[in-house]
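Undergrad: Dropping a structure here in structure tokens format, bear with me for questions.
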Amino acid sequence: MKKIAALVLVAILLLSSCVGRDTNGDTDDKLQEKYEEKFWEAVKLLDPHVTDEEARTASVRIISRKSKIVSGIKIECSTRSHSVDFSQENGRILSFYNNQLAFEKEKEYEKARLENPDKPYEYTPRLTSESFAEIKDFIPNIHILDIEKRLKKYEKDLVHRHGSRWFIRYRRVENGYRFAMGALMFYIDDRTGRLSSYGYGISDMPVPKPKIKIKKGEIKGIIQSYLRGKSKKAQYLRENGFELEEDSLEISEATYTHTDYFFDESKELDYSMRNPIYLVYECQCVLKKSEQQAYTIDFSIDTATGKLVGGDYYPFDLRRYKK
């Protein structure tokens, strides 16, 4: 009993020594002080409209939590008008949100509504898709994001207008192959040309050398073999009468992705970008039961071995897609 009591006492002491500290050993007060300073530095550089008065008076809420994207801990810092997430491991900015732009838009809307209640609120767009040849033109002090080398190397694969904002995405490219997951993402406000939000969804993990031993013509057989297999997911689909629609299979060019263990029932499903990277064919097909019930299934198939390393499936109602 004495040994048990001693062990319990040690455990309590260890636990109490960890309370109020982050993984680097900083106390809550030090964490607040350290990241409040980093937060305002980032906000002022990314949104020069922020005043010193706001920085002096606004209260910064800081939370430390495990990241599902990058390895380690992320530090979430926010006020009513802005938020910034940092990687505790290297201090990199993982995300930035400028909520102040939404407040300003709401004020403009209210002013226009009061001045002319019968006229819908409209504004003159400032930007076109051609405006984003250089994303750095819209981000003052872009050096704070530490992404300039990546912007030169990565591929801009999407410029899309979304409401009153433009969405711009840069994909990681290695050995001539793009990444299916992970990108640098920007939203630019169309009314002001200011940065609305930014996301660092990039895995820095090394990639395997390209090995393409599986041909596209073999993919259908691999999928059919899986669907005839003993996995719980395959058994569920068979037992409930779902059959592969022969003409529904779509196969992408080889691309890098992280395994998510979706088809490996011996491991815990994990969608984070800390998982091993594979060069894969991204495949999609439809399993149909009736005119009302069907599943769309995504497969990530290793180009070197034909192994299923990731995927997903989700039901849908075919009647919604009838012309």
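Each chain in the structure tokens gets a letter, A, B and so on, in the order shown; residues start at 1 in every chain, and ligands are counted from 1 in the order they appear.
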So which residues touch segment 282-294 of chain A within 12 Å, counting only C-alpha atoms, skipping near sequence neighbours fewer than 6 positions away, as a ChimeraX atom specification?

TA: /A:178-181,216,219-220,222-224,227,234,236-259,300-303,306,308-322

Undergrad: Would you export the selected residues with C-alpha atoms as a CSV table (one decimal), in the first residue's frame, please?

TA:
chain,number,residue,atom,x,y,z
A,178,ARG,CA,1.3,17.9,-57.7
A,179,PHE,CA,-0.1,17.3,-54.2
A,180,ALA,CA,-3.7,16.3,-53.9
A,181,MET,CA,-3.7,17.6,-50.4
A,216,LYS,CA,-4.0,2.8,-65.2
A,219,ILE,CA,-6.9,0.1,-61.5
A,220,LYS,CA,-10.3,-1.3,-62.2
A,222,ILE,CA,-7.7,-3.6,-58.1
A,223,ILE,CA,-10.9,-1.9,-57.1
A,224,GLN,CA,-13.0,-4.9,-58.0
A,227,LEU,CA,-14.9,-4.9,-53.3
A,234,ALA,CA,-16.6,-4.0,-48.7
A,236,TYR,CA,-21.3,-3.8,-46.0
A,237,LEU,CA,-21.6,-2.6,-49.6
A,238,ARG,CA,-22.1,-6.1,-51.0
A,239,GLU,CA,-24.6,-7.2,-48.3
A,240,ASN,CA,-26.6,-4.1,-49.0
A,241,GLY,CA,-26.7,-4.7,-52.8
A,242,PHE,CA,-24.4,-2.0,-54.0
A,243,GLU,CA,-22.7,-2.8,-57.4
A,244,LEU,CA,-20.0,-1.0,-59.3
A,245,GLU,CA,-21.3,1.2,-62.2
A,246,GLU,CA,-19.0,0.1,-64.9
A,247,ASP,CA,-18.7,3.5,-66.7
A,248,SER,CA,-18.4,5.6,-63.6
A,249,LEU,CA,-14.6,5.0,-62.9
A,250,GLU,CA,-12.5,8.2,-63.1
A,251,ILE,CA,-8.7,8.1,-62.6
A,252,SER,CA,-6.5,11.1,-62.1
A,253,GLU,CA,-2.9,11.5,-63.2
A,254,ALA,CA,-0.3,10.4,-60.6
A,255,THR,CA,-0.3,12.8,-57.6
A,256,TYR,CA,1.2,12.9,-54.1
A,257,THR,CA,-1.1,12.4,-51.1
A,258,HIS,CA,-1.0,11.4,-47.5
A,259,THR,CA,-2.5,8.0,-46.4
A,300,SER,CA,-6.0,6.5,-53.4
A,301,ILE,CA,-3.9,3.7,-55.0
A,302,ASP,CA,-0.1,3.5,-54.6
A,303,THR,CA,1.5,3.7,-58.1
A,306,GLY,CA,-1.3,-1.0,-56.1
A,308,LEU,CA,-5.0,1.2,-51.2
A,309,VAL,CA,-3.5,3.9,-49.0
A,310,GLY,CA,-6.5,6.3,-48.6
A,311,GLY,CA,-10.0,7.2,-49.7
A,312,ASP,CA,-13.5,7.9,-48.5
A,313,TYR,CA,-17.1,7.1,-49.4
A,314,TYR,CA,-20.4,8.9,-49.0
A,315,PRO,CA,-24.0,8.3,-50.0
A,316,PHE,CA,-26.1,10.4,-52.4
A,317,ASP,CA,-29.5,10.3,-54.0
A,318,LEU,CA,-29.3,9.8,-57.8
A,319,ARG,CA,-32.7,11.5,-58.3
A,320,ARG,CA,-31.1,14.8,-57.4
A,321,TYR,CA,-28.7,14.6,-60.4
A,322,LYS,CA,-31.3,13.6,-63.0

Undergrad: Segment 153-225 of chain A near segment 44-54 of chain A within 10 Å: what's each residue's closest atom pair and its distance in Å to one decimal, counting only C-alpha atoms, ordered by chain then ascending residue number, as JSON lines?

TA:
{"residue": "A:Arg194", "atom": "CA", "partner": "A:Asp47", "partner_atom": "CA", "distance": 7.6}
{"residue": "A:Leu195", "atom": "CA", "partner": "A:Leu46", "partner_atom": "CA", "distance": 7.3}
{"residue": "A:Ser196", "atom": "CA", "partner": "A:Asp47", "partner_atom": "CA", "distance": 9.1}
{"residue": "A:Ser197", "atom": "CA", "partner": "A:Leu46", "partner_atom": "CA", "distance": 9.8}

Undergrad: Give me a file of those residues, with N, CA and C atoms, as a compact mmCIF listing (two decimals), in the first residue's frame.

TA:
# COMPACT_ATOMS: atom_id res chain seq x y z
N ARG A 194 -7.65 44.03 -50.12
CA ARG A 194 -6.89 43.65 -48.92
C ARG A 194 -6.99 42.14 -48.68
N LEU A 195 -5.99 41.61 -47.96
CA LEU A 195 -5.97 40.20 -47.61
C LEU A 195 -7.10 39.91 -46.61
N SER A 196 -8.01 39.03 -47.01
CA SER A 196 -9.12 38.66 -46.14
C SER A 196 -8.76 37.47 -45.26
N SER A 197 -8.11 36.47 -45.84
CA SER A 197 -7.66 35.33 -45.03
C SER A 197 -6.56 34.59 -45.75

Undergrad: Quick one: pull the distance between atom CA of Lys232 of chain A and atom CA of Pro276 of chain A, Å, one decimal.

TA: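 So the two atoms, atom CA of Lys232 of chain A and atom CA of Pro276 of chain A, lie 23.7 Å apart.
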
Undergrad: For Ile142 of chain A, list every protein, DNA or RNA residue within 12 Å, evaluated using only C-alpha atoms, and leave out those in the same chain fewer than 5 positions away; present the list as JSON, numbers by chain.

TA: {"A": [42, 43, 44, 45, 46, 47, 93, 134, 135, 136, 137, 147, 148, 149, 151, 195, 198]}

Undergrad: Would you please work out which residue, of A:His82, A:Arg274, A:Asp118, A:His162, is nearest to Asp204 of chain A when using only C-alpha atoms?

TA: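 Checking each of A:His82, A:Arg274, A:Asp118, A:His162 against Asp204 of chain A, counting only C-alpha atoms, the winner is A:Arg274.
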
Undergrad: Step one, run DSSP on the backbone; step two, keep only residues of segment 173-224 of chain A assigned to alpha helix (DSSP H); then write them as a list in words.

TA: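 Reading the DSSP output for segment 173-224 of chain A, alpha helix (DSSP H) covers Ile219, Lys220, Gly221, Ile222, Ile223 and Gln224 of chain A.
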
Undergrad: Pick out the closest residue to Glu89 of chain A from this set: A:Ile144, A:Ile63, A:Ile214, A:Ile73. Count only C-alpha atoms.

TA: A:Ile73

Undergrad: What's the separation between atom CA of Arg61 of chain A and atom CA of Cys77 of chain A, in Å to one decimal place?

TA: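 Going from atom CA of Arg61 of chain A over to atom CA of Cys77 of chain A, I get 5.6 Å.
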
Undergrad: Select from segment 195-234 of chain A everything DSSP, run on the backbone, classes as strand (DSSP E or B), then give the selection as a ChimeraX atom specification.

TA: /A:195-201

Undergrad: Skipping near chain neighbours, those fewer than 6 positions away, what residues fall within 6 Å of Asp190 of chain A using only C-alpha atoms, listed as an mmCIF file with C-alpha atoms, in the first residue's frame?

TA:
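What landed in result.cif:
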data_model
loop_
_atom_site.group_PDB
_atom_site.id
_atom_site.type_symbol
_atom_site.label_atom_id
_atom_site.label_comp_id
_atom_site.auth_asym_id
_atom_site.auth_seq_id
_atom_site.Cartn_x
_atom_site.Cartn_y
_atom_site.Cartn_z
ATOM 1 C CA PRO A 125 -15.572 45.048 -58.341
ATOM 2 C CA ARG A 126 -11.952 46.122 -58.390
ATOM 3 C CA LEU A 127 -10.314 42.867 -59.433
ATOM 4 C CA SER A 164 -17.104 39.475 -52.782
ATOM 5 C CA ARG A 165 -13.759 37.672 -52.386
#
